[in-house]
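Data block below; observations after.
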Amino acid sequence: MMRPASRPAHTLAVLGWWLLAISLLVVLIIGLLELIPIFRHRGSTLADTPLVNTPPSTRWIIIGVVLTGFTLIGTFAYSMVVMGETVSPDGQPALTIEIVGHRWWWEARYPRTRSSGSFTTANELHIPVGVPVRLQVASADVIHSFWIPRLHGKIDVIPGVRNQFWIRADSAGRYRGQCAEYCGLQHSNMAVYVTAESADRFRSWLAAQSRPAVVPPDGEAARGVHRFMETCALCHTVRGTEASGVIGPDLTHVASRATIAGGELTNNRGNLAGWVVNAPSLKPGTLMPRIDLEPSELRAVVSYLETLR
Amino acid sequence: MAAVSAEHASRSSERISGIPIDEFPLGVGGTASTAWWGMAFFIITEATLFAYLFFSYYYVGSRHSQWPPHGVPEMRLAVVNTIILVLSSVPMWLADRAVRRGRPALFAPLLGAVLLMGVAFLIIEATEWSRQSFTPATNAYSSLFYTITGFHFAHVTLGLLMIVELLCRALVKRIEVRRPLAVRNVAAYWHFVGVVWVVLFLTIYISPRV
Amino acid sequence: MATVAERLATVWEPPRSVYSTLASVDHKVIGKRYLATAFVFLIAGGLEAAVIRAQLTHSNEHLLSPEAYNQLFTMHGLTMIFWYAFPILSGFSNYFFPLMIGSRDMAYPRMNAFSYWCFLFSGVFLYTGYAVGLGPDRGWFAYAPLTERLYAPGINMDFYTLALIFLTISGTVGSINFIVTAFKLRAPGMSLGRLPLFMYGTLTASFSIIFALPSLSVACVFLYLDRKFGTHFFDPVGGGSAILWQHLFWIFGHPWVYIVVLPALSFVSMIVPTFARRPIVGYTWNVLGVVMTGVIGFGVWAHHMFATGLSPMAMSFFSAGSMTVVIPSAISIFVWLATIWQGRVVLTTSMLFALGFIFLFVIGGVSGVVTAATPFDWTITDTYFVVAHIHYVLVGINLFPVIAAFYYWLPKMTGRMLSERLGKWNFWVMFLSFNLGFFPMHISGLLGMPRRIFTYPAGVGWDTVNLITSIGSYIFAIGVLLFVINFFWSLFNGPPAGDNPWDASSLEWATSSPPPPYNFEVIPTIGSRDPLWEERLGMGRRSSLRRGPTLAGSGKETLQTSTLDGEPVAILRMPEDSIWPFIVSLALLAAFYGLVTSVWGLALAGGVLTLVGVHGWLWPSRTAVEA
């Protein structure tokens with residue numbers, strides 16, 4: 001409501017401001033209706049105030065109830081109009097992204113397009129500016145909720161249920177969201193980033209993401225590949241190699257992401273190293289275990305990860 | 001109704017609604033009594049409980065394309081049980097009437113009949129459970145099946161315990177003509193348990209066939 | 001020759017002993033126990049909140065581990081919503097129902113004691129789990145499948161399900177008692193149209209409990225079975241439905257929030273006329289408002305589920321219902337305002353809290369309308385906006401009326417007045433600090449802060465509002481402390497209250513302060529809604545408070561009257577003190593410990609002892625005459 005960056009978010013924000021205005025008005029009126037009689041009789045005590053025996057008049061109760069009723073009807077009608085405008089995409093969606101919620105990270109699967117193949121990434125989505133994007137959400141474990149506040153409302157991600165929603169961004173930029181349904185220990189640390197960009201830049205991103213990983217020819221990174229395949233490949237996928245684990249995020253282009261660990265840590269060498277070797281110390285409860293690596297092995301693996309742009 | 005006693009005599013100058021206090025009813029029977037109301041509300045709350053159980057059955061069922069997943073349940077034993085339980089309301093009603101009409105001699109045998117039929121019901125229900133190919137932990141349908149019939153089983157057991165309690169009282173001769181209410185309450189509960197079974201039968205055994 | 005009063009006192013108040021403490025069936029004793037115990041839970045919940053606020057004051061705070069935080073916010077919610085909010089209202093209702101209707105006892109005195117023991121023991125059960133680090137940690141509404149064994153190993157959530165089932169026994173039994181008492185034990189002449197408004201709130205809540213609590217019981221049984229025995233009610237892999245939990249929980253949960261406020265609203269309906277110096281304007285409207293809120297409240301539950309992917313048709317239905325339910329609440333507000341406008345306001349502390357409550361009620365109500373607007377709810381559900389809303393309605397519509405009720409009725413219960421001067425400070429500190437603490441939550445929610453997060457990053461703009469909220473909350477705690485101080489001050493230094501310090505109109509003020517154990521020496525006959533004001537209101541004397549049957553026999557007696565009109569029907573012989581409610585409740589506690597630890601032998605033993613206890617309870621004593 002505060003800084004909408006899309007048409008639906010803007011529509012919702014306007015509804016929000018109207019609701020706020022009406023609320024403020026109601027509170028002011030009732031507040032005044034309370035204060036006036038208090039001021040009129042201030043200083044009265046029980047001893048000097050005999051019982052009042054005037055016949056009761058319920059006229060104002062009826063008036064109050066009728067006014068309340070009309071206000072509510074109007075509010076309801078307006079909100080239903082807004083619901084009609086915002087529950088479904090306001091145009092042909094440019095693409096459909098499948099989102100899968102995990103404890104405590106977001107998986108995103110992009111479909112094949114004319115210029116790129118399908119691929120899976122994690123925690124950082126890109127969308128084209130100015131067009132609706134359909135989201136199909138599912139959960140791999142417990143209930144989560146996908147929400148980018150500046151772009152639209154939230155949609156719960158429920159195991160056993162396929163939910164559908166949509167977002168759009170009308171100005172280019174990077175938008176932050178986070179899980180909005182309590183999902184356990186690291187619910188607080190399950191962020192997601194949506195980058196909205198021009199159609200051209202989006203197409204290049206798609207193309208880059210759908211390319212398989214490049215195998216580093218030599219050097220420290222090449223040494224890291226071998227260690228990676230022994231250990232990390234059990235849980236992670238790197239397309240173009242034999243790593244095809246699906247428990248953890250797809251790492252094919254992990255170096256192209258600005259964050260790791262569910263959007264919580266900046267993606268730099270230090271954090272990568274710390275995460276690889278002792279994820280539970282950074283994010284207690286994470287399903288990624290401690291990994292026993294010699295310092296040289298660790299350096300090699302991290303160097304390899306850094307080549308996965 | 002109430003016998004005049006010494007304590008009443010000492011305040012016989014008082015009146016309620018114009019009636020001298022020692023002639024005013026002491027306690028009231030029938031549907032005006034607080035005990036009856038208590039049982040009525042207990043029945044209402046238990047009925048609501050079953051309503052939510054049946055809601056869960058239908059809700060989970062609506063999420064499945066094939067429900068029940070194991071196919072339509074066999075209903076021979078369930079039909080037998082329905083007959084037994086519904087029929088058992090007859091001696092229960094007769095026992096209630098017997099006490100109210102001052103014929104306590106019939107009371108114990110009639111209650112005994114209800115008890116026997118109730119135990120037969122439980123045995124057949126347990127047999128029905130043992131005959132199933134699924135356990136409570138097999139899937140959602142089986143969980144619902146066992147839990148719903150299990151709740152009903154527990155309610156029948158509770159009813160039988162109430163009947164045993166009444167029989168104990170009859171043995172110690174506390175159920176006299178002045179005391180028809182306890183029987184009436186137990187009878188109401190027993191009829192309720194029968195009605196729940198009919199709804200359960202329709203839900204679990206008949207609705208898949210419709 | 002003993003006087004009537006002495007005879008009644010002998011019959012109604014047994015000598016004090018350990019047995020009489022455990023076996024008491026005196027509704028005033030039970031009422032006070034409810035009030036004291038619920039207040040202790042309020043303090044416990046408040047301390048939990050204080051630690052939560054310490055963790056959230058700054059971004060990236062690490063005072064608490066995520067696990068500790070999760071148990072804290074869950075225990076805070078459970079304690080406040082279940083073990084404080086309704087029991088405190090039960091305490092007032094228990095104490096005052098018989099007094100307000102001219103009766104000597106509740107309809108079921110032993111069930112009354114039983115409902116208290118179950119309330120106490122269920123709370124003990126829950127907190128023993130928490131004390132050993134096994135407190136429930138999945139939020140007070142515990143969405144499946146996060147609560148299933150796979151994702152919540154350990155018995156924390158078994159404490160959750162079993163403590164709640166235990167508490168529902170207390171609530172159900174208590175509600176049946178309130179309903180039958182209100183309909184059967186009124187003094188002669190007290191037709192339903194003359195029933196004090198206090199009763200209508202509790203009556204509506206009691207009916208709601210009868211129909212709503214079983215849904216929670218079913219949900220908890222299902223979850224317990226899923227966790228302990230591998231059933232699949234909420235497990236999608238086994239064909240179950242995670243959403244089934246949400247439906248069952250909120251079908252209970254939404255009526256529950258009306259249950260914890262409607263009685264409190266009715267306290268205010270007694271307090272406002274007294275301090276507006278006139279009978280309430282719109283008695284029938286008020287009854288209609290309270291009852292319709294309770295009824296319509298059953299049809300709005302899915303507004304808690306607007307983000308779960310419901311169909312637009314379902315969402316519009318529940319949005320419409322949620323807006324409709326505002327109308328009967330509005331009726332009550334206009335009834336009070338009309339009474340204030342057509343009367344003359346006397347600003348005692350109690351009235352200040354009542355007036356403050358009306359203001360907070362409106363804020364909570366409008367923020368509720370905001371959440372009822374479905375599409376906007378997608379932006380604020382599961383955020384601090386909802387946390388703001390629930391605290392405005394819970395603190396505003398439950399705690400503030402409760403404090404108002406304490407200032408109003410403690411003098412009747414203790415015979416001592418509280419300090420009006422300290423009371424004014426109490427009110428202003430609580431009122432201003434509450435708004436300081438909780439109003440900013442609307443803003444943090446609108447800024448995108450979700451619920452149930454143990455920390456938040458720097459730089460997202462949530463720091464300032466959280467700081468303000470924490471400051472407000474700590475001052476609010478001081479405000480509550482001021483009340484506690486005032487209470488203890490009154491016990492030692494409070495001026496004697498006399499029978500009717502507020503010159504109020506209802507029957508409880510016709511007794512001494514505190515009332516004698518038998519409540520009324522004479523069963524009154526009632527001729528109007530405001531028996532103590534009749535003559536001054538020009539009605540002439542219609543009620544008879546000093547003349548009537550004394551029912552001072554050798555046993556405890558009160559009068560049963562007809563449901564609608566209050567015509568006398570029979571003399572009721574009430575039970576003496578009995579140890580069975582305590583024993584049955586203790587047996588249930590043992591059974592629940594067995595069920596939570598999977599020590600089935602203990603569970604069975606507890607179950608058998610429960611049945612034995614019930615048998616002992618029901619076995620007719622030699623002196624009891626059949627009713």
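Chain identifiers are assigned as A, B, and so on, following the order in which chains appear in the structure tokens; residues are numbered from 1 within each chain, and ligands are numbered from 1 in order of appearance.
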
At a cut-off of 7 Å, list the chain C residues touching chain A, using only C-alpha atoms, as a PyMOL selection string.
chain C and resi 66-67+145-146+236+277-278+281-282+307-309+320+323+327+330-331+334-335+337-338+340-341+343-346+359+362-363+366+370+373-376+378-379+382+446-448+450+452-456+537

With only C-alpha atoms as the counted atoms, please give the residues lying no more than 12 Å from Val277 (chain A), apart from itself and same-chain residues fewer than 5 positions off, as an MDAnalysis selection string.
chainID A and resid 231:232 270:272 282 288:295 297:299 301:302

Closest atom pairs, chain C residues within 6 Å of chain B, only C-alpha atoms, as JSON lines:
```
{"residue": "C:Ile210", "atom": "CA", "partner": "B:Thr45", "partner_atom": "CA", "distance": 5.3}
{"residue": "C:Pro214", "atom": "CA", "partner": "B:Leu49", "partner_atom": "CA", "distance": 4.8}
{"residue": "C:Ser215", "atom": "CA", "partner": "B:Tyr52", "partner_atom": "CA", "distance": 5.9}
{"residue": "C:Gly230", "atom": "CA", "partner": "B:Ala137", "partner_atom": "CA", "distance": 5.2}
{"residue": "C:Thr231", "atom": "CA", "partner": "B:Ala137", "partner_atom": "CA", "distance": 4.2}
{"residue": "C:His232", "atom": "CA", "partner": "B:Ala140", "partner_atom": "CA", "distance": 4.6}
{"residue": "C:Phe233", "atom": "CA", "partner": "B:Ala140", "partner_atom": "CA", "distance": 5.3}
{"residue": "C:Gly238", "atom": "CA", "partner": "B:Asn139", "partner_atom": "CA", "distance": 4.8}
{"residue": "C:Gly239", "atom": "CA", "partner": "B:Ala140", "partner_atom": "CA", "distance": 5.1}
{"residue": "C:Gly240", "atom": "CA", "partner": "B:Ala140", "partner_atom": "CA", "distance": 4.9}
{"residue": "C:Pro549", "atom": "CA", "partner": "B:Glu14", "partner_atom": "CA", "distance": 5.8}
{"residue": "C:Gly553", "atom": "CA", "partner": "B:Glu7", "partner_atom": "CA", "distance": 5.7}
{"residue": "C:Ala570", "atom": "CA", "partner": "B:Pro25", "partner_atom": "CA", "distance": 4.9}
{"residue": "C:Ile571", "atom": "CA", "partner": "B:Leu26", "partner_atom": "CA", "distance": 4.8}
{"residue": "C:Leu572", "atom": "CA", "partner": "B:Gly27", "partner_atom": "CA", "distance": 5.2}
{"residue": "C:Glu626", "atom": "CA", "partner": "B:Arg179", "partner_atom": "CA", "distance": 5.7}
{"residue": "C:Ala627", "atom": "CA", "partner": "B:Gly27", "partner_atom": "CA", "distance": 4.4}
```

Find the residues near Ala163 (chain C): any atom within 7 Å, counting only C-alpha atoms, skip ones fewer than 3 places away on the same chain, and give them as an mmCIF file with C-alpha atoms, in the first residue's frame.
```
data_model
loop_
_atom_site.group_PDB
_atom_site.id
_atom_site.type_symbol
_atom_site.label_atom_id
_atom_site.label_comp_id
_atom_site.auth_asym_id
_atom_site.auth_seq_id
_atom_site.Cartn_x
_atom_site.Cartn_y
_atom_site.Cartn_z
ATOM 1 C CA SER C 122 -5.410 -27.944 31.746
ATOM 2 C CA PHE C 125 -0.703 -29.399 32.021
ATOM 3 C CA LEU C 126 0.219 -26.940 29.284
ATOM 4 C CA PHE C 159 0.760 -30.814 24.762
ATOM 5 C CA TYR C 160 -1.107 -28.433 22.465
ATOM 6 C CA PHE C 166 -8.915 -30.699 28.390
ATOM 7 C CA LEU C 167 -9.896 -27.040 28.355
#
```

Contacts of region 265-268 of chain C at 6 Å (only C-alpha atoms; same-chain gap of 3+ positions) as a PyMOL selection string:
chain C and resi 197-198+201+262+271-272

Dump N, CA and C atoms for the selected residues as a PDB file, in the first residue's frame?
```
ATOM      1  N   LEU C 197     -28.679  -7.309  31.376  1.00  0.00           N
ATOM      2  CA  LEU C 197     -27.975  -7.465  30.102  1.00  0.00           C
ATOM      3  C   LEU C 197     -26.687  -8.271  30.236  1.00  0.00           C
ATOM      4  N   PHE C 198     -26.091  -8.219  31.418  1.00  0.00           N
ATOM      5  CA  PHE C 198     -24.903  -9.028  31.730  1.00  0.00           C
ATOM      6  C   PHE C 198     -25.091 -10.472  31.281  1.00  0.00           C
ATOM      7  N   GLY C 201     -24.893 -11.561  27.297  1.00  0.00           N
ATOM      8  CA  GLY C 201     -23.578 -11.766  26.697  1.00  0.00           C
ATOM      9  C   GLY C 201     -23.054 -13.154  26.996  1.00  0.00           C
ATOM     10  N   LEU C 262     -18.180 -11.046  23.841  1.00  0.00           N
ATOM     11  CA  LEU C 262     -19.594 -10.739  24.097  1.00  0.00           C
ATOM     12  C   LEU C 262     -19.926 -10.609  25.586  1.00  0.00           C
ATOM     13  N   ILE C 271     -22.477  -1.345  33.320  1.00  0.00           N
ATOM     14  CA  ILE C 271     -21.713  -0.247  33.918  1.00  0.00           C
ATOM     15  C   ILE C 271     -22.163   1.101  33.365  1.00  0.00           C
ATOM     16  N   VAL C 272     -22.371   1.163  32.058  1.00  0.00           N
ATOM     17  CA  VAL C 272     -22.727   2.447  31.434  1.00  0.00           C
ATOM     18  C   VAL C 272     -24.021   3.044  32.004  1.00  0.00           C
TER      19      VAL C 272
END
```

Report the distance between CA of Thr147 (chain C) and CA of Asn70 (chain C) in Å, rounded to one decimal place.
12.7 Å

Find the residues around Val133 (chain A) up to 7 Å (only C-alpha atoms counted), leave out those fewer than 4 positions away in its own chain, and share them as a ChimeraX atom specification.
/A:93-96,166-168

Selection export as a compact mmCIF listing (two decimals), in the first residue's frame, atoms kept: N, CA and C atoms:
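As a result, selection_9.txt now contains:
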```
# COMPACT_ATOMS: atom_id res chain seq x y z
N PRO A 93 -1.13 -13.29 -19.74
CA PRO A 93 0.17 -13.38 -19.05
C PRO A 93 1.31 -13.65 -20.01
N ALA A 94 2.43 -12.97 -19.80
CA ALA A 94 3.58 -13.15 -20.69
C ALA A 94 4.19 -14.52 -20.51
N LEU A 95 4.15 -15.05 -19.31
CA LEU A 95 4.63 -16.40 -19.07
C LEU A 95 4.06 -16.89 -17.76
N THR A 96 4.25 -18.17 -17.52
CA THR A 96 3.82 -18.79 -16.27
C THR A 96 5.04 -19.34 -15.57
N TRP A 166 -0.96 -14.18 -9.67
CA TRP A 166 -0.21 -13.48 -10.69
C TRP A 166 0.42 -12.24 -10.08
N ILE A 167 1.45 -11.74 -10.76
CA ILE A 167 2.02 -10.45 -10.38
C ILE A 167 2.35 -9.67 -11.65
N ARG A 168 2.64 -8.43 -11.50
CA ARG A 168 3.26 -7.66 -12.57
C ARG A 168 4.02 -6.51 -11.93
```

Which parts of chain B does DSSP call alpha helix (DSSP H) when run on the backbone here, written out as an MDAnalysis selection string?
chainID B and resid 6:10 34:62 76:100 107:131 140:171 181:201

Could you please take those selected residues and save C-alpha atoms as a short mmCIF file (atom, residue, chain, number, x, y, z; two decimals), in the first residue's frame?
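Written out: result.cif:
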```cif
data_model
loop_
_atom_site.label_atom_id
_atom_site.label_comp_id
_atom_site.auth_asym_id
_atom_site.auth_seq_id
_atom_site.Cartn_x
_atom_site.Cartn_y
_atom_site.Cartn_z
CA ALA B 6 -40.44 -31.29 60.20
CA GLU B 7 -38.34 -28.59 58.61
CA HIS B 8 -41.15 -27.53 56.36
CA ALA B 9 -43.56 -27.35 59.26
CA SER B 10 -41.42 -24.74 60.98
CA THR B 34 -32.49 -28.97 35.31
CA ALA B 35 -31.18 -32.53 34.98
CA TRP B 36 -33.12 -33.00 31.77
CA TRP B 37 -31.85 -29.71 30.39
CA GLY B 38 -28.31 -30.71 31.24
CA MET B 39 -28.66 -33.97 29.34
CA ALA B 40 -30.34 -32.16 26.46
CA PHE B 41 -27.42 -29.77 26.08
CA PHE B 42 -24.93 -32.59 26.44
CA ILE B 43 -26.70 -34.35 23.58
CA ILE B 44 -26.68 -31.15 21.51
CA THR B 45 -22.96 -30.66 21.97
CA GLU B 46 -22.18 -34.29 21.13
CA ALA B 47 -24.45 -34.08 18.10
CA THR B 48 -22.45 -31.06 16.97
CA LEU B 49 -19.27 -33.05 17.43
CA PHE B 50 -20.58 -35.73 15.09
CA ALA B 51 -21.71 -33.08 12.65
CA TYR B 52 -18.12 -31.87 12.38
CA LEU B 53 -16.89 -35.44 11.92
CA PHE B 54 -19.32 -35.94 9.05
CA PHE B 55 -18.33 -32.58 7.60
CA SER B 56 -14.71 -33.75 7.58
CA TYR B 57 -15.72 -36.96 5.81
CA TYR B 58 -17.54 -35.10 3.07
CA TYR B 59 -14.90 -32.39 2.77
CA VAL B 60 -11.98 -34.77 2.35
CA GLY B 61 -14.14 -36.88 0.05
CA SER B 62 -14.85 -33.90 -2.16
CA ARG B 76 -23.97 -56.60 5.66
CA LEU B 77 -22.64 -56.28 9.21
CA ALA B 78 -23.52 -52.59 9.27
CA VAL B 79 -27.12 -53.35 8.35
CA VAL B 80 -27.34 -55.92 11.14
CA ASN B 81 -25.94 -53.39 13.56
CA THR B 82 -28.39 -50.76 12.43
CA ILE B 83 -31.28 -53.07 13.11
CA ILE B 84 -29.93 -54.06 16.52
CA LEU B 85 -29.27 -50.54 17.66
CA VAL B 86 -32.50 -49.04 16.41
CA LEU B 87 -34.50 -51.89 17.90
CA SER B 88 -32.74 -51.52 21.23
CA SER B 89 -34.45 -48.17 21.61
CA VAL B 90 -37.69 -50.06 22.13
CA PRO B 91 -36.84 -51.78 25.42
CA MET B 92 -35.12 -48.55 26.44
CA TRP B 93 -38.31 -46.59 25.87
CA LEU B 94 -40.32 -49.27 27.63
CA ALA B 95 -38.00 -49.17 30.64
CA ASP B 96 -38.44 -45.40 30.84
CA ARG B 97 -42.19 -45.82 30.68
CA ALA B 98 -42.16 -48.61 33.26
CA VAL B 99 -40.55 -46.42 35.87
CA ARG B 100 -42.77 -43.46 35.12
CA PHE B 107 -37.30 -52.07 34.81
CA ALA B 108 -34.24 -54.28 35.35
CA PRO B 109 -35.14 -56.91 32.71
CA LEU B 110 -35.83 -54.23 30.09
CA LEU B 111 -32.56 -52.48 30.79
CA GLY B 112 -30.84 -55.83 30.68
CA ALA B 113 -32.22 -56.33 27.19
CA VAL B 114 -30.83 -52.97 26.07
CA LEU B 115 -27.50 -53.87 27.59
CA LEU B 116 -27.35 -57.18 25.74
CA MET B 117 -28.25 -55.58 22.43
CA GLY B 118 -25.69 -52.85 23.01
CA VAL B 119 -22.95 -55.35 23.73
CA ALA B 120 -23.92 -57.30 20.62
CA PHE B 121 -23.61 -54.08 18.66
CA LEU B 122 -20.12 -53.48 19.98
CA ILE B 123 -18.99 -57.01 19.21
CA ILE B 124 -20.29 -56.80 15.67
CA GLU B 125 -18.66 -53.41 15.19
CA ALA B 126 -15.34 -54.80 16.38
CA THR B 127 -15.78 -57.66 13.93
CA GLU B 128 -16.45 -55.16 11.16
CA TRP B 129 -13.19 -53.43 12.03
CA SER B 130 -11.19 -56.61 12.00
CA ARG B 131 -12.61 -57.52 8.59
CA ALA B 140 -7.30 -40.41 4.92
CA TYR B 141 -10.44 -42.43 4.19
CA SER B 142 -9.45 -45.19 6.56
CA SER B 143 -8.50 -42.64 9.22
CA LEU B 144 -11.94 -41.09 8.92
CA PHE B 145 -13.68 -44.47 8.82
CA TYR B 146 -12.11 -45.72 12.03
CA THR B 147 -12.30 -42.41 13.86
CA ILE B 148 -15.96 -41.78 13.08
CA THR B 149 -17.04 -45.31 13.91
CA GLY B 150 -14.65 -45.21 16.85
CA PHE B 151 -16.26 -42.08 18.28
CA HIS B 152 -19.63 -43.75 17.93
CA PHE B 153 -18.30 -46.91 19.56
CA ALA B 154 -17.15 -44.79 22.50
CA HIS B 155 -20.54 -43.13 22.77
CA VAL B 156 -22.30 -46.50 22.78
CA THR B 157 -19.90 -47.69 25.47
CA LEU B 158 -20.69 -44.62 27.53
CA GLY B 159 -24.39 -45.34 27.13
CA LEU B 160 -23.88 -48.90 28.29
CA LEU B 161 -21.98 -47.65 31.33
CA MET B 162 -24.92 -45.37 32.12
CA ILE B 163 -27.25 -48.37 31.85
CA VAL B 164 -25.02 -50.39 34.18
CA GLU B 165 -25.12 -47.48 36.62
CA LEU B 166 -28.92 -47.51 36.50
CA LEU B 167 -29.00 -51.24 37.04
CA CYS B 168 -26.75 -50.86 40.09
CA ARG B 169 -29.11 -48.28 41.47
CA ALA B 170 -32.09 -50.52 40.82
CA LEU B 171 -30.33 -53.30 42.70
CA LEU B 181 -35.69 -38.72 35.72
CA ALA B 182 -32.35 -40.47 35.63
CA VAL B 183 -33.88 -43.17 33.45
CA ARG B 184 -35.43 -40.64 31.15
CA ASN B 185 -32.11 -38.90 30.66
CA VAL B 186 -30.28 -42.13 29.91
CA ALA B 187 -33.06 -43.12 27.53
CA ALA B 188 -32.73 -39.82 25.68
CA TYR B 189 -29.00 -40.34 25.36
CA TRP B 190 -29.51 -43.88 24.12
CA HIS B 191 -31.98 -42.78 21.45
CA PHE B 192 -29.51 -40.08 20.42
CA VAL B 193 -26.77 -42.66 19.99
CA GLY B 194 -29.12 -44.64 17.74
CA VAL B 195 -29.88 -41.59 15.62
CA VAL B 196 -26.18 -40.86 15.22
CA TRP B 197 -25.64 -44.40 14.03
CA VAL B 198 -28.35 -44.02 11.40
CA VAL B 199 -26.66 -40.87 10.07
CA LEU B 200 -23.30 -42.63 10.18
CA PHE B 201 -24.74 -45.59 8.33
#
```

Please provide the set of residues having any atom within 10 Å of Trp256 (chain C), restricted to only C-alpha atoms, with same-chain residues fewer than 4 positions apart removed, written as a count of residues only.
17

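The interatomic distance for the pair CA of Pro620 (chain C) and CA of Gly607 (chain C) works out to 22.0 Å.
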
Could you give me, as a list in words, the residues within 10 Å of Asp137 (chain C), counting only C-alpha atoms and dropping anything in the same chain fewer than 3 positions from it?
Gly184 and Leu185 of chain A; Glu67, Ala68, Tyr69, Asn70, Gln71, Leu72, Phe73, Thr74, Met75, Tyr130, Leu134, Trp140, Ala142, Thr147, Ala152, Asn156, Met157 and Tyr160 of chain C
